[in-house]
Each structure stands twice: as structure tokens, then as C-alpha cells.
Amino acid sequence: MKFSCTILIILVSAGILSSCDSQKNVEAKKPKPNVILILADDLGYGDIGVYNEYSLVPTPNIDTLASQGIRFTDAYCPIAICSPTRYSLLTGTYAWRSRKKHGVMRNYERSMMKDGQLTLPQMFQKSGYTTAGFGKWHLGTLFPTLDGEKPVGYGKFYEPDNGRNIDLFGEVSDGPIDHGFNHWIGFSCASECFVFKDKTIIGALEHDFYTIDETPNKESIDMIPMDDYLPYITDASLEFLKNASAKKDKPFFLYYSPYVPHVPLAVSKEFLGSTQAGPYGDYVHELDFYIGKLLKGLDNLGLSDNTIVILASDNGSAFRTSYDGMDASNAANKLPGHFIDSEGRYMAPKDLSTLDRHSPNGILRGVKRSAWEGGVRTPLIARWPGHFPEGEETDEIFSLTDVMATLAPVAGYKLDNDVTTDGLNNLSAFAGEKKNKRRSVVVKAGNDVYGLRQDNWKFIEVPRKEREPYYELYDLSKDPSETANLANEHPERVQQMKAELNKILKGNSTTF
């Protein structure tokens, strides 16, 4: 009898172990989710309907995406300009830790990434994904030249002889393909003009200001009108999705990075005049249309259910206002309800319901290049059917430096301690859980102005020549428009947040 019981226990145990092994095998066979990361260029927090009920720009496709996923109200671009945010997003590291401490990448410079530095697309590659990017890189790419010298205009934005010694038949290097993408179509820096596919130069943008008139053999490449570029990269993205859908056992990562609504406002004829917010609003509306086209293509291919879609902007809008008859060349348009404070600084309106014009950054103070919320707070939407809640809003603090660490577990990639240098796994926030994983985030203007968001407090340090720095302190829970500087009322908090900011700037992001 004792022997029989022993046999029975062994058999039952074996059955349990076999069941566990089978479950593990089922889990292992679950297909990894595809990932689409949409990064708009200079899209404002107040441009999107779900973020601003008084927006004069129809954004039905982005609004629908938000209704199908979770929307973050307190997400941040680490820096209020293009290249540094893109670096931070794709590496999980604050850009001021890179060799490029300030500003954006200029023409023909080498990559901001160090050799061997892990990037978001490389992480996906290592996890078995096919990776592709379309649109704007702006993180540095080396171009071949006919004379072996640096390209004419190196390190500049404008050069009348731009392209004079570029070898159109050579290969670019140190660009997207060398930093994690299997496929790439787009430009590195708009002022260079050149568009390349993988490592081959295939075309150039017909820019209003920048040209390639002096480039030898320029007739061998396509000239792409600015107002054709958005549909051009969208069609390329859809073609990639079509090819990827045929590879059932191969997940993909798609980085859709349109140059919109960045100036120049190259609105297509069919969208010009389509909103009450002038050409800027028309451009945002056009962007929404092509995002919708991309998502509809995903639906038609039957890929939506197992695809994570994340949408964000690289910084706030450069425009304070937009309206019919606006001067689109001037991003400093004044909007009724906006005013200049006693320090000579621009303030945002507190009540958008009284305005008859569009405020791209909503009630948030500041614009692109500023450390105020209008420059650094980004709309962030994430959708994954069956995994992320539908139509929910969260005020969890999130930084774009968190994207890599957050997506690592769904890609099956193991990061040390679930963190990157300046990012943490905040997947629970995408799932709608309230855990307050991130308590602080460093933000930076386009110059030397740094700030720290810590819980509901926002601290900004403004350096001044031959004078003590100027400090700003805001309680965002009561004052999201940053109208009341409380620095003099809370000197202890100013010193505490200044010390915390300095600690992180010197290399410690462990507290997040």
C-alpha cells in the first residue's frame, strides 16, 4: 500500500510538472507583439482634441487611438528640441550625457550615439524583430565625398554650396542602419536635404530655403517636394507593413517619424484651409489623416490586435497661436489672453474657452525650446488591445527615456535591473496601474536652462551672467500654466530640488 501511494505521488507530480512544462511551452509560443512608435515633430500638447477640448484642429484619428488605449497627461520630452529628445528616446539616456551637450545636430555631423551604445531598434533586433524607420533621423550621419574632405557646409545649417562635394553614388555611414535599423527611408537633417534608403542616397527634399543646386550628378536622384514627403514616408511604411505581415513568425518594430508639423508648413493643397487654425492647424490635421491611414493599413492587414502603438511628440509646438490669416513664418504670434509677465516672459492663457484662436500648447506656458511645460510636456498615447485599458487617462509621470526599458520585457530583452541609464520599466503605467514608479524627471530647454519635475513640483534654474541664477518653482497640481512662481515662498524646497537636480546631472538617475 505504501509502495502504491509512492507511485501515485510520483505520477501526480510528474503530471503537474508536465502541465507546467506545457504551460511554459504555450507561453513561449505566444507571438511577441509588434511595435509601432509614432513620433511627431513639434506637435503641441493642445493640438489634439482629447488633450484640448477647445482645439480648432480636427484630430479624429489620434482621438480614436486615445479611445482605444491609454492617454498620459504628465509625459515628458527630456529636452524641448529635436535631436536631444530623439537621442533620449532611442537610447534611454538623457542627451546631455552625450557628446552633444546643447542644441541640435548640424549638417553631416557624426552620430550622437557612441560606438556600441545600445539603441531601441538594436534591442528589438537582438530580440528577433525586423526594424524599420521612415521620416526623420536627425541624430547624425556621415556622407561620402568626392574629394575625401568633409562635406561642404559641415557643422552648419545653411551653406549656399551645400552638396558640392557629396558623392551621390557612395554609401552613408554611422546612420540609422548602423544603429539598429534593418530598413530606413528618410533624411538625417532636413537642411542637408538628402534622402537615403538604407545606406544609398536616393533623393533630396525640395526645401524652401535649403538646396542641393551645386551637387554633382544631382539629376541621378529624385527631387521630393516638401508637401509630398508625408505621403511618401507613409506609403513606404505601409509597404513595410505589408511585407512584414507575410512573415508570421517575425515581429517588427516600426519607427514612423514624420517631419510634421515642423516648419516650413508644407501643407498639401487638399488640406490647405481645412481648419480654422491657419496653415499650422491644416498641417496638424494632415498629419492626423496620414496617421489614420497608417493605422487603417494595420487594421486591414489584421495586425492591430497584436501590435503596440505609441504616439508622442519630440517637443512642444513652436507656435504660440494659429488662426486664419496668420503669418506662418512667425512663430511668435501673440494670442489674446496671453501676456508678458513682470520679468518680460511670455505667459499662457488660463482659460481657452474665451479664445477665438487656436493655442497649440493649450494652457501650458512656453513653446518649443523652453523648459516650461509647453516646451517639454508631450502628448503620449499607448494602445495594445487586451493589454492596455481602453479610453483611460493616467497622470503617472512618464519620460520618453522610459520607452526602451518599458518595451524591453514585451520584446523579451533583459536589461540590467529593468533600467537604462535614465529610464525605467514603466509598463505598469501603460497597463493603467497607479504605482508612481517615476517620481521625478529632468527637463531641459534648448539652451542651458534645466528643470526638475518632482511629484507635483516643478523647479527651474535659469543661469545668468555675473549674477546668481534665477529660480522658479511651481505647484503643477494647482498651477499647470506655471503662472505663480513660489520660489521665494519655499526656499527649502528650492534648495532640495536644486540638490536633487545636480545629483542627477552628475550621473545618478537611480531615484527617477
# chains A, B, ... in the order shown; residues from 1 in each chain; ligands from 1
>>> select_by_dssp(residues="region 3-151 of chain A", states="alpha helix (DSSP H)", output="MDAnalysis selection string")
chainID A and resid 3:29 60:67 82:91 120:126
>>> select_by_dssp(residues="region 22-152 of chain A", states="strand (DSSP E or B)", output="list in words")
Asn34, Val35, Ile36, Leu37, Ile38, Leu39, Ala40, Ile70, Arg71, Phe72, Thr73, Asp74, Ala75, Tyr76, Ile79, Thr130, Thr131, Ala132, Gly133, Phe134, Gly135, Lys136, Leu142 and Thr145 of chain A
>>> write_last_selection(atoms="C-alpha atoms", output="PDB file, in the first residue's frame")
ATOM      1  CA  ASN A  34       4.765  44.171 -32.997  1.00  0.00           C
ATOM      2  CA  VAL A  35       5.562  47.756 -32.057  1.00  0.00           C
ATOM      3  CA  ILE A  36       4.850  50.994 -33.924  1.00  0.00           C
ATOM      4  CA  LEU A  37       6.354  54.155 -32.461  1.00  0.00           C
ATOM      5  CA  ILE A  38       4.932  57.352 -33.956  1.00  0.00           C
ATOM      6  CA  LEU A  39       6.998  60.447 -33.158  1.00  0.00           C
ATOM      7  CA  ALA A  40       5.528  63.711 -34.429  1.00  0.00           C
ATOM      8  CA  ILE A  70      -4.388  54.891 -22.510  1.00  0.00           C
ATOM      9  CA  ARG A  71      -3.556  58.590 -22.575  1.00  0.00           C
ATOM     10  CA  PHE A  72      -0.837  60.155 -20.430  1.00  0.00           C
ATOM     11  CA  THR A  73      -1.357  63.702 -19.160  1.00  0.00           C
ATOM     12  CA  ASP A  74       2.062  64.021 -17.497  1.00  0.00           C
ATOM     13  CA  ALA A  75       4.541  62.623 -20.008  1.00  0.00           C
ATOM     14  CA  TYR A  76       7.753  64.476 -20.854  1.00  0.00           C
ATOM     15  CA  ILE A  79      14.611  68.278 -23.870  1.00  0.00           C
ATOM     16  CA  THR A 130      12.721  43.279 -38.083  1.00  0.00           C
ATOM     17  CA  THR A 131      13.258  47.013 -37.593  1.00  0.00           C
ATOM     18  CA  ALA A 132      12.395  49.866 -39.928  1.00  0.00           C
ATOM     19  CA  GLY A 133      12.326  53.648 -39.746  1.00  0.00           C
ATOM     20  CA  PHE A 134      10.739  56.250 -42.028  1.00  0.00           C
ATOM     21  CA  GLY A 135      10.962  60.031 -41.961  1.00  0.00           C
ATOM     22  CA  LYS A 136      13.382  61.996 -39.812  1.00  0.00           C
ATOM     23  CA  LEU A 142      28.374  60.579 -42.258  1.00  0.00           C
ATOM     24  CA  THR A 145      32.532  62.901 -50.569  1.00  0.00           C
TER      25      THR A 145
END
>>> closest_residue(among="A:Trp96, A:Tyr280, A:Tyr54, A:Phe196", to="Ser173 (chain A)", atoms="only C-alpha atoms")
A:Phe196
>>> closest_residue(among="A:Ser481, A:Gly423, A:Thr215, A:Asn436", to="Arg365 (chain A)", atoms="only C-alpha atoms")
A:Ser481
>>> atom_distance(atom1="CA of Ile166 (chain A)", atom2="CA of Phe143 (chain A)")
7.0 Å
>>> residues_around(residues="Gln68 (chain A)", least_positions_apart="2", cutoff="10 Å", atoms="only C-alpha atoms", output="PyMOL selection string")
chain A and resi 62-66+70-71+381-385+388-392
>>> write_last_selection(atoms="N, CA and C atoms", output="JSON list (two decimals), in the first residue's frame")
[["chain", "number", "residue", "atom", "x", "y", "z"],
["A", 62, "ILE", "N", -6.22, 60.44, -34.18],
["A", 62, "ILE", "CA", -5.48, 60.39, -32.92],
["A", 62, "ILE", "C", -6.46, 60.27, -31.76],
["A", 63, "ASP", "N", -7.60, 60.96, -31.85],
["A", 63, "ASP", "CA", -8.61, 60.85, -30.80],
["A", 63, "ASP", "C", -9.13, 59.42, -30.70],
["A", 64, "THR", "N", -9.32, 58.78, -31.84],
["A", 64, "THR", "CA", -9.78, 57.39, -31.85],
["A", 64, "THR", "C", -8.72, 56.48, -31.22],
["A", 65, "LEU", "N", -7.47, 56.71, -31.56],
["A", 65, "LEU", "CA", -6.38, 55.94, -30.96],
["A", 65, "LEU", "C", -6.42, 56.06, -29.44],
["A", 66, "ALA", "N", -6.65, 57.29, -28.94],
["A", 66, "ALA", "CA", -6.73, 57.51, -27.50],
["A", 66, "ALA", "C", -7.92, 56.76, -26.89],
["A", 70, "ILE", "N", -4.54, 54.08, -23.70],
["A", 70, "ILE", "CA", -4.39, 54.89, -22.51],
["A", 70, "ILE", "C", -3.65, 56.18, -22.86],
["A", 71, "ARG", "N", -4.11, 57.26, -22.27],
["A", 71, "ARG", "CA", -3.56, 58.59, -22.57],
["A", 71, "ARG", "C", -2.87, 59.16, -21.34],
["A", 381, "ILE", "N", 0.20, 58.59, -26.08],
["A", 381, "ILE", "CA", -0.91, 57.63, -26.16],
["A", 381, "ILE", "C", -0.33, 56.26, -26.45],
["A", 382, "ALA", "N", -0.84, 55.23, -25.77],
["A", 382, "ALA", "CA", -0.36, 53.86, -25.98],
["A", 382, "ALA", "C", -1.55, 52.92, -26.12],
["A", 383, "ARG", "N", -1.52, 52.09, -27.15],
["A", 383, "ARG", "CA", -2.60, 51.12, -27.39],
["A", 383, "ARG", "C", -2.04, 49.73, -27.60],
["A", 384, "TRP", "N", -2.61, 48.76, -26.90],
["A", 384, "TRP", "CA", -2.32, 47.35, -27.13],
["A", 384, "TRP", "C", -3.58, 46.59, -26.75],
["A", 385, "PRO", "N", -4.43, 46.25, -27.71],
["A", 385, "PRO", "CA", -5.72, 45.64, -27.41],
["A", 385, "PRO", "C", -5.60, 44.42, -26.49],
["A", 388, "PHE", "N", -3.63, 46.97, -22.67],
["A", 388, "PHE", "CA", -3.73, 48.32, -22.14],
["A", 388, "PHE", "C", -5.21, 48.70, -22.07],
["A", 389, "PRO", "N", -5.63, 49.42, -21.04],
["A", 389, "PRO", "CA", -7.04, 49.80, -20.94],
["A", 389, "PRO", "C", -7.47, 50.71, -22.07],
["A", 390, "GLU", "N", -8.75, 50.68, -22.38],
["A", 390, "GLU", "CA", -9.30, 51.49, -23.47],
["A", 390, "GLU", "C", -9.92, 52.78, -22.93],
["A", 391, "GLY", "N", -9.52, 53.90, -23.52],
["A", 391, "GLY", "CA", -10.14, 55.17, -23.20],
["A", 391, "GLY", "C", -9.81, 55.71, -21.83],
["A", 392, "GLU", "N", -8.76, 55.22, -21.21],
["A", 392, "GLU", "CA", -8.39, 55.70, -19.88],
["A", 392, "GLU", "C", -7.36, 56.82, -19.95]]
>>> residues_around(residues="Asp249 (chain A)", least_positions_apart="4", cutoff="12 Å", atoms="only C-alpha atoms", output="MDAnalysis selection string")
chainID A and resid 29:34 128:130 244:245
>>> atom_distance(atom1="CA of Leu505 (chain A)", atom2="CA of Arg97 (chain A)")
8.3 Å
>>> residues_around(residues="region 119-127 of chain A", least_positions_apart="2", cutoff="7 Å", atoms="only C-alpha atoms", output="PyMOL selection string")
chain A and resi 90-91+117+129-131+179-181+253+404+411-413
>>> write_last_selection(atoms="N, CA and C atoms", output="mmCIF file, in the first residue's frame")
data_model
loop_
_atom_site.group_PDB
_atom_site.id
_atom_site.type_symbol
_atom_site.label_atom_id
_atom_site.label_comp_id
_atom_site.auth_asym_id
_atom_site.auth_seq_id
_atom_site.Cartn_x
_atom_site.Cartn_y
_atom_site.Cartn_z
ATOM 1 N N LEU A 90 15.642 57.004 -28.102
ATOM 2 C CA LEU A 90 16.214 55.810 -28.738
ATOM 3 C C LEU A 90 17.353 55.176 -27.949
ATOM 4 N N THR A 91 17.789 55.825 -26.849
ATOM 5 C CA THR A 91 18.869 55.244 -26.041
ATOM 6 C C THR A 91 18.513 55.069 -24.570
ATOM 7 N N GLN A 117 26.872 51.623 -28.267
ATOM 8 C CA GLN A 117 25.782 52.022 -27.383
ATOM 9 C C GLN A 117 24.473 51.376 -27.831
ATOM 10 N N TYR A 129 13.383 40.896 -33.852
ATOM 11 C CA TYR A 129 12.488 41.762 -34.619
ATOM 12 C C TYR A 129 13.137 42.252 -35.909
ATOM 13 N N THR A 130 12.310 42.503 -36.922
ATOM 14 C CA THR A 130 12.721 43.279 -38.083
ATOM 15 C C THR A 130 12.435 44.739 -37.762
ATOM 16 N N THR A 131 13.407 45.610 -37.979
ATOM 17 C CA THR A 131 13.258 47.013 -37.593
ATOM 18 C C THR A 131 13.302 47.915 -38.816
ATOM 19 N N HIS A 179 22.838 51.823 -36.487
ATOM 20 C CA HIS A 179 22.409 51.937 -35.087
ATOM 21 C C HIS A 179 21.068 51.250 -34.836
ATOM 22 N N GLY A 180 20.831 50.164 -35.594
ATOM 23 C CA GLY A 180 19.734 49.286 -35.213
ATOM 24 C C GLY A 180 18.613 49.071 -36.202
ATOM 25 N N PHE A 181 18.605 49.791 -37.310
ATOM 26 C CA PHE A 181 17.512 49.605 -38.268
ATOM 27 C C PHE A 181 17.931 48.668 -39.404
ATOM 28 N N PHE A 253 9.391 46.125 -35.541
ATOM 29 C CA PHE A 253 9.387 47.426 -34.872
ATOM 30 C C PHE A 253 9.435 48.491 -35.956
ATOM 31 N N MET A 404 12.465 52.545 -23.839
ATOM 32 C CA MET A 404 13.249 51.327 -24.056
ATOM 33 C C MET A 404 13.061 50.326 -22.917
ATOM 34 N N ALA A 411 9.421 42.700 -25.492
ATOM 35 C CA ALA A 411 10.268 42.228 -26.593
ATOM 36 C C ALA A 411 11.054 40.987 -26.201
ATOM 37 N N GLY A 412 11.070 40.681 -24.891
ATOM 38 C CA GLY A 412 11.836 39.535 -24.419
ATOM 39 C C GLY A 412 13.301 39.840 -24.220
ATOM 40 N N TYR A 413 13.616 41.123 -24.004
ATOM 41 C CA TYR A 413 15.010 41.522 -23.808
ATOM 42 C C TYR A 413 15.237 41.838 -22.336
#
>>> closest_residue(among="A:Arg467, A:Lys242, A:Arg357, A:Arg453", to="Leu298 (chain A)", atoms="only C-alpha atoms")
A:Lys242
>>> atom_distance(atom1="CA of Asp448 (chain A)", atom2="CA of Val462 (chain A)")
7.6 Å
